file coords_30.json (JSON, C-alpha atoms)
[["chain", "number", "residue", "atom", "x", "y", "z"],
["A", 1, "MET", "CA", -19.60, 25.25, -25.27],
["A", 2, "GLU", "CA", -18.35, 27.75, -22.68],
["A", 3, "ARG", "CA", -15.43, 26.61, -20.53],
["A", 4, "GLN", "CA", -16.62, 25.14, -17.25],
["A", 5, "LYS", "CA", -15.55, 27.12, -14.18],
["A", 6, "ARG", "CA", -13.58, 25.38, -11.43],
["A", 7, "ALA", "CA", -13.55, 26.22, -7.71],
["A", 8, "ALA", "CA", -11.66, 24.89, -4.69],
["A", 9, "ALA", "CA", -13.59, 24.75, -1.41],
["A", 10, "ILE", "CA", -11.53, 24.69, 1.80],
["A", 11, "HIS", "CA", -14.03, 23.75, 4.50],
["A", 12, "ASP", "CA", -14.85, 21.06, 7.04],
["A", 13, "ILE", "CA", -17.05, 18.03, 6.45],
["A", 14, "SER", "CA", -19.89, 17.61, 8.93],
["A", 15, "GLY", "CA", -21.32, 14.16, 8.35],
["A", 16, "LEU", "CA", -24.84, 15.24, 9.41],
["A", 17, "GLY", "CA", -26.39, 18.65, 9.80],
["A", 18, "ARG", "CA", -26.35, 19.99, 6.22],
["A", 19, "CYS", "CA", -23.59, 22.55, 6.44],
["A", 20, "SER", "CA", -20.07, 23.14, 5.11],
["A", 21, "LEU", "CA", -19.01, 20.80, 2.30],
["A", 22, "THR", "CA", -22.23, 18.76, 2.35],
["A", 23, "VAL", "CA", -24.11, 21.85, 1.12],
["A", 24, "ILE", "CA", -21.30, 23.67, -0.71],
["A", 25, "LEU", "CA", -20.47, 20.85, -3.11],
["A", 26, "PRO", "CA", -24.06, 20.20, -4.35],
["A", 27, "ILE", "CA", -24.84, 23.93, -4.67],
["A", 28, "LEU", "CA", -21.74, 24.75, -6.71],
["A", 29, "SER", "CA", -22.24, 21.60, -8.79],
["A", 30, "ALA", "CA", -25.89, 22.49, -9.50],
["A", 31, "ALA", "CA", -24.64, 25.88, -10.71],
["A", 32, "GLY", "CA", -22.39, 24.11, -13.21],
["A", 33, "ILE", "CA", -19.14, 24.72, -11.34],
["A", 34, "GLU", "CA", -16.58, 21.92, -11.04],
["A", 35, "THR", "CA", -15.56, 21.86, -7.37],
["A", 36, "GLY", "CA", -12.51, 20.37, -5.71],
["A", 37, "VAL", "CA", -12.51, 20.06, -1.92],
["A", 38, "LEU", "CA", -9.78, 20.44, 0.68],
["A", 39, "PRO", "CA", -11.36, 19.28, 3.97],
["A", 40, "THR", "CA", -10.07, 21.12, 7.05],
["A", 41, "ALA", "CA", -11.67, 18.72, 9.56],
["A", 42, "PHE", "CA", -14.15, 15.89, 9.77],
["A", 43, "LEU", "CA", -16.98, 16.20, 12.30],
["A", 44, "SER", "CA", -19.72, 13.67, 12.91],
["A", 45, "THR", "CA", -22.19, 16.60, 13.05],
["A", 46, "HIS", "CA", -21.94, 20.36, 13.25],
["A", 47, "THR", "CA", -21.35, 21.90, 16.68],
["A", 48, "GLY", "CA", -24.64, 23.75, 17.10],
["A", 49, "GLY", "CA", -27.14, 21.98, 19.33],
["A", 50, "LEU", "CA", -25.98, 18.40, 18.66],
["A", 51, "PRO", "CA", -23.97, 17.28, 21.71],
["A", 52, "GLY", "CA", -21.35, 14.55, 21.67],
["A", 53, "TYR", "CA", -19.99, 15.27, 18.19],
["A", 54, "THR", "CA", -16.60, 13.94, 17.13],
["A", 55, "CYS", "CA", -13.95, 16.05, 15.40],
["A", 56, "ARG", "CA", -10.80, 15.01, 13.53],
["A", 57, "ASP", "CA", -8.34, 17.78, 12.61],
["A", 58, "LEU", "CA", -7.00, 17.43, 9.05],
["A", 59, "THR", "CA", -4.36, 20.16, 9.19],
["A", 60, "SER", "CA", -1.55, 17.84, 8.09],
["A", 61, "GLU", "CA", -3.38, 16.94, 4.86],
["A", 62, "LEU", "CA", -3.99, 20.42, 3.49],
["A", 63, "LEU", "CA", -0.61, 21.48, 2.11],
["A", 64, "PRO", "CA", 0.31, 18.08, 0.59],
["A", 65, "ALA", "CA", -3.04, 18.00, -1.22],
["A", 66, "ALA", "CA", -2.67, 21.59, -2.45],
["A", 67, "ARG", "CA", 0.88, 20.91, -3.66],
["A", 68, "HIS", "CA", -0.39, 17.92, -5.60],
["A", 69, "TRP", "CA", -3.02, 20.11, -7.26],
["A", 70, "LYS", "CA", -0.34, 22.69, -8.06],
["A", 71, "SER", "CA", 1.83, 20.00, -9.69],
["A", 72, "LEU", "CA", -1.08, 19.15, -12.00],
["A", 73, "GLY", "CA", -1.10, 22.67, -13.41],
["A", 74, "LEU", "CA", -4.75, 23.26, -12.52],
["A", 75, "HIS", "CA", -6.45, 26.62, -12.94],
["A", 76, "PHE", "CA", -9.03, 27.71, -10.37],
["A", 77, "ASP", "CA", -11.62, 30.37, -11.08],
["A", 78, "ALA", "CA", -12.40, 30.63, -7.36],
["A", 79, "LEU", "CA", -10.87, 29.73, -4.01],
["A", 80, "TYR", "CA", -13.39, 29.58, -1.17],
["A", 81, "SER", "CA", -12.57, 29.06, 2.50],
["A", 82, "GLY", "CA", -14.84, 28.68, 5.51],
["A", 83, "PHE", "CA", -14.65, 26.78, 8.81],
["A", 84, "LEU", "CA", -11.07, 26.05, 9.87],
["A", 85, "GLY", "CA", -10.16, 23.32, 12.32],
["A", 86, "SER", "CA", -7.17, 24.96, 14.03],
["A", 87, "PHE", "CA", -5.27, 28.24, 14.38],
["A", 88, "GLU", "CA", -2.43, 26.78, 12.33],
["A", 89, "GLN", "CA", -4.78, 26.40, 9.37],
["A", 90, "ILE", "CA", -5.13, 30.17, 8.96],
["A", 91, "SER", "CA", -1.56, 30.61, 7.73],
["A", 92, "ILE", "CA", -1.80, 27.35, 5.75],
["A", 93, "VAL", "CA", -4.92, 28.52, 3.91],
["A", 94, "SER", "CA", -3.19, 31.84, 3.16],
["A", 95, "GLU", "CA", -0.31, 29.86, 1.67],
["A", 96, "ILE", "CA", -2.74, 27.75, -0.37],
["A", 97, "PHE", "CA", -4.32, 30.93, -1.74],
["A", 98, "ARG", "CA", -0.90, 32.15, -2.88],
["A", 99, "MET", "CA", -0.06, 28.73, -4.33],
["A", 100, "LEU", "CA", -3.24, 28.20, -6.36],
["A", 101, "LYS", "CA", -4.35, 31.75, -7.18],
["A", 102, "SER", "CA", -4.06, 33.18, -10.69],
["A", 103, "ASP", "CA", -4.63, 36.78, -11.75],
["A", 104, "ASP", "CA", -8.28, 36.04, -12.58],
["A", 105, "THR", "CA", -9.06, 33.87, -9.52],
["A", 106, "LEU", "CA", -11.84, 35.09, -7.23],
["A", 107, "VAL", "CA", -11.03, 34.50, -3.54],
["A", 108, "LEU", "CA", -13.99, 34.35, -1.16],
["A", 109, "VAL", "CA", -13.44, 34.03, 2.59],
["A", 110, "ASP", "CA", -16.34, 33.17, 4.87],
["A", 111, "PRO", "CA", -14.77, 33.87, 8.30],
["A", 112, "VAL", "CA", -16.68, 31.21, 10.19],
["A", 113, "PHE", "CA", -16.00, 31.63, 13.90],
["A", 114, "ALA", "CA", -19.01, 33.14, 15.73],
["A", 115, "ASP", "CA", -22.74, 33.87, 15.76],
["A", 116, "HIS", "CA", -25.34, 35.39, 18.08],
["A", 117, "GLY", "CA", -22.60, 37.33, 19.89],
["A", 118, "LYS", "CA", -20.51, 34.26, 20.82],
["A", 119, "LEU", "CA", -17.55, 32.33, 19.44],
["A", 120, "TYR", "CA", -18.26, 28.81, 18.19],
["A", 121, "ALA", "CA", -17.32, 25.97, 20.53],
["A", 122, "THR", "CA", -14.26, 24.94, 18.48],
["A", 123, "CYS", "CA", -12.98, 28.49, 17.91],
["A", 124, "THR", "CA", -10.49, 30.20, 20.21],
["A", 125, "PRO", "CA", -10.02, 33.99, 20.51],
["A", 126, "GLN", "CA", -6.63, 33.49, 18.84],
["A", 127, "MET", "CA", -8.31, 31.90, 15.82],
["A", 128, "ALA", "CA", -10.88, 34.69, 15.64],
["A", 129, "ASP", "CA", -8.12, 37.32, 15.68],
["A", 130, "GLY", "CA", -6.25, 35.41, 12.96],
["A", 131, "MET", "CA", -9.27, 35.61, 10.66],
["A", 132, "ARG", "CA", -8.50, 39.29, 10.11],
["A", 133, "ASP", "CA", -5.23, 38.28, 8.44],
["A", 134, "LEU", "CA", -6.99, 35.73, 6.23],
["A", 135, "CYS", "CA", -9.59, 38.31, 5.17],
["A", 136, "GLN", "CA", -6.78, 40.50, 3.83],
["A", 137, "ASN", "CA", -6.19, 37.86, 1.13],
["A", 138, "ALA", "CA", -9.81, 37.87, -0.08],
["A", 139, "ASP", "CA", -11.68, 39.57, -2.88],
["A", 140, "ILE", "CA", -14.98, 39.03, -1.05],
["A", 141, "ILE", "CA", -15.66, 38.35, 2.63],
["A", 142, "VAL", "CA", -19.02, 37.16, 3.96],
["A", 143, "PRO", "CA", -19.22, 37.56, 7.75],
["A", 144, "ASN", "CA", -22.41, 37.56, 9.78],
["A", 145, "LEU", "CA", -23.06, 40.51, 12.09],
["A", 146, "THR", "CA", -21.25, 38.91, 15.04],
["A", 147, "GLU", "CA", -18.17, 38.15, 12.93],
["A", 148, "ALA", "CA", -18.22, 41.58, 11.29],
["A", 149, "SER", "CA", -18.31, 43.24, 14.71],
["A", 150, "TYR", "CA", -15.41, 41.11, 15.94],
["A", 151, "LEU", "CA", -13.32, 41.74, 12.82],
["A", 152, "LEU", "CA", -13.79, 45.47, 13.33],
["A", 153, "GLY", "CA", -13.02, 45.33, 17.05],
["A", 154, "ARG", "CA", -16.53, 46.43, 18.02],
["A", 155, "GLU", "CA", -19.04, 45.17, 20.54],
["A", 156, "TYR", "CA", -21.80, 43.10, 18.98],
["A", 157, "ARG", "CA", -25.34, 44.45, 19.35],
["A", 158, "GLU", "CA", -28.44, 42.28, 18.97],
["A", 159, "GLY", "CA", -31.43, 43.54, 16.99],
["A", 160, "GLN", "CA", -32.06, 45.89, 14.11],
["A", 161, "TYR", "CA", -29.42, 48.19, 12.62],
["A", 162, "ASN", "CA", -30.05, 51.18, 10.42],
["A", 163, "ARG", "CA", -28.68, 51.32, 6.91],
["A", 164, "ARG", "CA", -26.12, 54.00, 7.70],
["A", 165, "GLU", "CA", -24.60, 51.81, 10.44],
["A", 166, "VAL", "CA", -24.34, 48.79, 8.13],
["A", 167, "GLU", "CA", -22.91, 50.84, 5.28],
["A", 168, "GLU", "CA", -20.22, 52.17, 7.59],
["A", 169, "MET", "CA", -19.40, 48.63, 8.76],
["A", 170, "LEU", "CA", -19.16, 47.43, 5.16],
["A", 171, "ARG", "CA", -16.80, 50.26, 4.20],
["A", 172, "SER", "CA", -14.65, 49.50, 7.23],
["A", 173, "LEU", "CA", -14.51, 45.80, 6.35],
["A", 174, "THR", "CA", -13.17, 46.56, 2.87],
["A", 175, "ARG", "CA", -10.45, 48.66, 4.48],
["A", 176, "LEU", "CA", -9.14, 45.40, 5.97],
["A", 177, "GLY", "CA", -8.18, 44.34, 2.43],
["A", 178, "PRO", "CA", -11.06, 42.71, 0.50],
["A", 179, "LYS", "CA", -12.56, 44.51, -2.49],
["A", 180, "SER", "CA", -16.12, 43.60, -1.49],
["A", 181, "ALA", "CA", -17.89, 42.71, 1.75],
["A", 182, "VAL", "CA", -21.29, 41.18, 2.43],
["A", 183, "ILE", "CA", -22.82, 41.04, 5.93],
["A", 184, "THR", "CA", -25.49, 38.42, 6.58],
["A", 185, "GLY", "CA", -28.20, 38.44, 9.23],
["A", 186, "VAL", "CA", -29.05, 42.10, 8.58],
["A", 187, "SER", "CA", -32.48, 43.51, 9.44],
["A", 188, "PHE", "CA", -33.66, 47.07, 8.75],
["A", 189, "GLU", "CA", -37.33, 46.52, 9.51],
["A", 190, "PRO", "CA", -39.45, 44.16, 11.63],
["A", 191, "GLY", "CA", -40.24, 40.84, 10.01],
["A", 192, "ARG", "CA", -37.56, 40.94, 7.32],
["A", 193, "LEU", "CA", -34.00, 39.60, 7.39],
["A", 194, "GLY", "CA", -31.27, 39.30, 4.78],
["A", 195, "ALA", "CA", -27.90, 40.64, 3.73],
["A", 196, "ALA", "CA", -26.18, 43.85, 2.68],
["A", 197, "GLY", "CA", -23.11, 44.23, 0.49],
["A", 198, "TYR", "CA", -20.61, 46.83, -0.69],
["A", 199, "ASP", "CA", -18.29, 46.90, -3.70],
["A", 200, "SER", "CA", -15.42, 49.29, -3.01],
["A", 201, "ALA", "CA", -14.49, 49.53, -6.71],
["A", 202, "SER", "CA", -17.90, 50.87, -7.77],
["A", 203, "GLY", "CA", -18.84, 52.43, -4.43],
["A", 204, "GLU", "CA", -22.21, 50.67, -4.68],
["A", 205, "PHE", "CA", -24.17, 49.33, -1.73],
["A", 206, "CYS", "CA", -26.84, 46.67, -2.07],
["A", 207, "CYS", "CA", -29.36, 44.98, 0.17],
["A", 208, "SER", "CA", -31.82, 42.11, -0.13],
["A", 209, "LEU", "CA", -34.33, 41.09, 2.55],
["A", 210, "PHE", "CA", -36.67, 38.09, 2.93],
["A", 211, "PRO", "CA", -39.64, 37.45, 5.25],
["A", 212, "ARG", "CA", -38.19, 36.42, 8.60],
["A", 213, "VAL", "CA", -38.81, 32.92, 9.93],
["A", 214, "ASP", "CA", -38.52, 32.27, 13.66],
["A", 215, "GLY", "CA", -35.76, 29.99, 14.88],
["A", 216, "SER", "CA", -32.09, 29.33, 14.24],
["A", 217, "TYR", "CA", -31.00, 27.20, 11.28],
["A", 218, "PRO", "CA", -27.38, 25.95, 11.05],
["A", 219, "GLY", "CA", -25.69, 25.83, 7.67],
["A", 220, "THR", "CA", -27.56, 28.77, 6.18],
["A", 221, "GLY", "CA", -24.39, 30.89, 6.09],
["A", 222, "ASP", "CA", -22.66, 28.21, 4.01],
["A", 223, "ILE", "CA", -25.66, 28.01, 1.68],
["A", 224, "PHE", "CA", -25.75, 31.79, 1.28],
["A", 225, "ALA", "CA", -22.02, 32.12, 0.56],
["A", 226, "SER", "CA", -22.09, 29.22, -1.91],
["A", 227, "VAL", "CA", -24.94, 30.73, -3.94],
["A", 228, "LEU", "CA", -23.25, 34.14, -3.79],
["A", 229, "LEU", "CA", -20.03, 32.63, -5.17],
["A", 230, "ALA", "CA", -21.90, 30.68, -7.85],
["A", 231, "ALA", "CA", -23.67, 33.85, -8.98],
["A", 232, "ARG", "CA", -20.43, 35.83, -9.16],
["A", 233, "LEU", "CA", -18.74, 33.07, -11.16],
["A", 234, "ASN", "CA", -21.72, 33.06, -13.51],
["A", 235, "GLY", "CA", -21.13, 36.74, -14.20],
["A", 236, "ASP", "CA", -23.69, 38.38, -11.90],
["A", 237, "PRO", "CA", -22.70, 41.71, -10.31],
["A", 238, "LEU", "CA", -22.67, 41.84, -6.52],
["A", 239, "PRO", "CA", -26.26, 43.18, -6.08],
["A", 240, "LYS", "CA", -27.76, 40.38, -8.18],
["A", 241, "ALA", "CA", -25.55, 37.80, -6.46],
["A", 242, "VAL", "CA", -26.68, 38.97, -3.00],
["A", 243, "ASP", "CA", -30.32, 38.90, -4.10],
["A", 244, "ALA", "CA", -30.03, 35.35, -5.50],
["A", 245, "ALA", "CA", -28.29, 34.13, -2.33],
["A", 246, "VAL", "CA", -30.93, 35.66, -0.04],
["A", 247, "GLN", "CA", -33.76, 34.25, -2.16],
["A", 248, "PHE", "CA", -32.35, 30.72, -2.30],
["A", 249, "THR", "CA", -31.46, 30.64, 1.41],
["A", 250, "GLY", "CA", -34.78, 32.18, 2.46],
["A", 251, "ASP", "CA", -36.74, 29.67, 0.41],
["A", 252, "ALA", "CA", -34.83, 26.78, 2.03],
["A", 253, "ILE", "CA", -35.49, 28.13, 5.54],
["A", 254, "GLN", "CA", -39.18, 28.69, 4.81],
["A", 255, "ARG", "CA", -39.51, 25.20, 3.30],
["A", 256, "THR", "CA", -37.99, 23.69, 6.46],
["A", 257, "TRP", "CA", -40.15, 25.76, 8.80],
["A", 258, "LEU", "CA", -43.35, 24.78, 6.99],
["A", 259, "ALA", "CA", -42.41, 21.08, 7.19],
["A", 260, "LYS", "CA", -41.79, 21.43, 10.97],
["A", 261, "THR", "CA", -38.62, 19.32, 10.76],
["A", 262, "ASP", "CA", -35.87, 19.44, 13.39],
["A", 263, "PRO", "CA", -33.89, 22.62, 12.59],
["A", 264, "ARG", "CA", -30.74, 21.18, 14.15],
["A", 265, "PHE", "CA", -30.26, 19.08, 11.01],
["A", 266, "GLY", "CA", -30.16, 22.06, 8.68],
["A", 267, "VAL", "CA", -32.54, 23.29, 6.03],
["A", 268, "ASN", "CA", -34.10, 21.67, 2.99],
["A", 269, "PHE", "CA", -31.95, 23.26, 0.31],
["A", 270, "GLU", "CA", -32.06, 20.13, -1.85],
["A", 271, "TYR", "CA", -35.52, 20.88, -3.27],
["A", 272, "GLY", "CA", -34.23, 24.18, -4.61],
["A", 273, "LEU", "CA", -31.22, 22.84, -6.50],
["A", 274, "ALA", "CA", -33.07, 22.15, -9.76],
["A", 275, "SER", "CA", -34.19, 25.78, -10.02],
["A", 276, "LEU", "CA", -30.82, 27.28, -9.01],
["A", 277, "PRO", "CA", -29.50, 27.86, -12.56],
["A", 278, "SER", "CA", -32.60, 29.85, -13.52],
["A", 279, "LEU", "CA", -32.42, 31.82, -10.26],
["A", 280, "LEU", "CA", -28.83, 32.84, -11.00],
["A", 281, "LYS", "CA", -29.88, 34.07, -14.47],
["A", 282, "SER", "CA", -32.94, 35.98, -13.31],
["A", 283, "GLY", "CA", -31.93, 37.42, -9.94],
["A", 284, "GLU", "CA", -33.23, 40.96, -9.47],
["A", 285, "ASN", "CA", -30.90, 43.82, -8.73],
["A", 286, "GLY", "CA", -30.88, 44.24, -4.98],
["A", 287, "SER", "CA", -29.10, 47.62, -4.90],
["A", 288, "TYR", "CA", -30.51, 50.65, -3.08]]
call {"tool": "encode", "arguments": {"input": "coords_30.json", "output": "structure tokens"}}
result
Amino acid sequence: MERQKRAAAIHDISGLGRCSLTVILPILSAAGIETGVLPTAFLSTHTGGLPGYTCRDLTSELLPAARHWKSLGLHFDALYSGFLGSFEQISIVSEIFRMLKSDDTLVLVDPVFADHGKLYATCTPQMADGMRDLCQNADIIVPNLTEASYLLGREYREGQYNRREVEEMLRSLTRLGPKSAVITGVSFEPGRLGAAGYDSASGEFCCSLFPRVDGSYPGTGDIFASVLLAARLNGDPLPKAVDAAVQFTGDAIQRTWLAKTDPRFGVNFEYGLASLPSLLKSGENGSY
């Protein structure tokens, strides 16, 4: 039997709202990937549209836990970071990458700090600026359009972009340090939304779009990045990984919209977990 892959996920835990570790762990597990978690913070819910949430910073726990893992001689096929609970955590996560990374470890950074042209409630401008440094340590980064604009020092623009604009942004993002970049929330035509990616080693761009569903659904960025990582660890090239992530995330959004459930509590990704392994094997090439 093939050796099971192992990943470490450095994210927050939101008790309700289906985002961060509560979606990352089941998705990676369903893809057959053993996943260790280093929680950056505990929140009662996510911060989008659910007032009165509680938040406990777990900065002091990160390095001791990582040092314990290092002492066990563990090998990680992937290191995956997302929402960070404090500015101090940026340098700590960089140190954890150096501590746990091997030559064949894939490092994915989802620079979670903004959306819809605004910083998240718990993110300061200092933290957003620090994300550029963290992205330098990554093999793949997965910002949304707001985050990509901020990382590049550009003003965010709402609405459709043309492919040439997005390709230029992707090239510029890889110049920050990562080998590959994927931008989510991309639309090139009315009624369709998805993601575009670029692999600087091959020079290949890719894009995958899905029928657009009205509304805003928290946690979909975490779902997308988790499926993308699972596909890459299962051997899929970037275009197929982007296509699988768009398909899985789009299906979850559509399922939730059809059920008319409260979007503040995330999307119904659970019903898609059983079919995830076959999706990763059969994902179409989304290159253009």
call {"tool": "residues_around", "arguments": {"input": "coords_30.json", "residues": "A:Asp115", "least_positions_apart": "6", "cutoff": "12 Å", "atoms": "only C-alpha atoms", "output": "list in words"}}
result
Gly48, Ala121, Cys123, Ala128, Pro143, Asn144, Leu145, Thr146, Glu147, Ala148, Ser149, Tyr150, Tyr156, Arg157, Glu158, Thr184, Gly185, Ser216, Tyr217, Pro218, Gly219, Thr220 and Gly221 of chain A
call {"tool": "atom_distance", "arguments": {"input": "coords_30.json", "atom1": "atom CA of A:Gly15", "atom2": "atom CA of A:Thr54"}}
result
10.0 Å
call {"tool": "closest_residue", "arguments": {"input": "coords_30.json", "among": "A:Asp139, A:Asp222, A:Asp110, A:Asp129", "to": "A:Val267", "atoms": "all atoms listed in the file"}}
result
A:Asp222
call {"tool": "residues_around", "arguments": {"input": "coords_30.json", "residues": "A:Glu167", "least_positions_apart": "4", "cutoff": "8 Å", "atoms": "all atoms listed in the file", "output": "ChimeraX atom specification"}}
result
/A:163,171,198,205
call {"tool": "write_last_selection", "arguments": {"input": "coords_30.json", "atoms": "C-alpha atoms", "output": "PDB file, keeping the file's coordinate frame"}}
result
ATOM      1  CA  ARG A 163     -28.680  51.320   6.910  1.00  0.00           C
ATOM      2  CA  ARG A 171     -16.800  50.260   4.200  1.00  0.00           C
ATOM      3  CA  TYR A 198     -20.610  46.830  -0.690  1.00  0.00           C
ATOM      4  CA  PHE A 205     -24.170  49.330  -1.730  1.00  0.00           C
TER       5      PHE A 205
END
call {"tool": "closest_residue", "arguments": {"input": "coords_30.json", "among": "A:Leu100, A:Leu238, A:Val109, A:Ala7", "to": "A:Ile27", "atoms": "all atoms listed in the file"}}
result
A:Ala7
call {"tool": "residues_around", "arguments": {"input": "coords_30.json", "residues": "A:Cys207", "least_positions_apart": "3", "cutoff": "10 Å", "atoms": "only C-alpha atoms", "output": "list in words"}}
result
Arg163, Val182, Ile183, Thr184, Val186, Ser187, Phe188, Gly194, Ala195, Ala196, Gly197, Tyr198, Leu238, Pro239, Lys240, Val242, Asp243, Val246, Asn285, Gly286, Ser287 and Tyr288 of chain A
call {"tool": "closest_residue", "arguments": {"input": "coords_30.json", "among": "A:Ser202, A:Gln247, A:Ser81, A:Thr45", "to": "A:Leu106", "atoms": "only C-alpha atoms"}}
result
A:Ser81
call {"tool": "atom_distance", "arguments": {"input": "coords_30.json", "atom1": "atom CA of A:Asp77", "atom2": "atom CA of A:Lys5"}}
result
6.0 Å
call {"tool": "atom_distance", "arguments": {"input": "coords_30.json", "atom1": "atom CA of A:Pro178", "atom2": "atom CA of A:Ala252"}}
result
28.7 Å
call {"tool": "closest_residue", "arguments": {"input": "coords_30.json", "among": "A:Leu58, A:Ile253, A:Leu173, A:Leu134", "to": "A:Glu95", "atoms": "only C-alpha atoms"}}
result
A:Leu134
call {"tool": "residues_around", "arguments": {"input": "coords_30.json", "residues": "A:Arg192", "least_positions_apart": "6", "cutoff": "6 Å", "atoms": "only C-alpha atoms", "output": "PyMOL selection string"}}
result
chain A and resi 209-212
call {"tool": "closest_residue", "arguments": {"input": "coords_30.json", "among": "A:Thr122, A:Leu229, A:Leu43, A:Asp104", "to": "A:Leu16", "atoms": "all atoms listed in the file"}}
result
A:Leu43
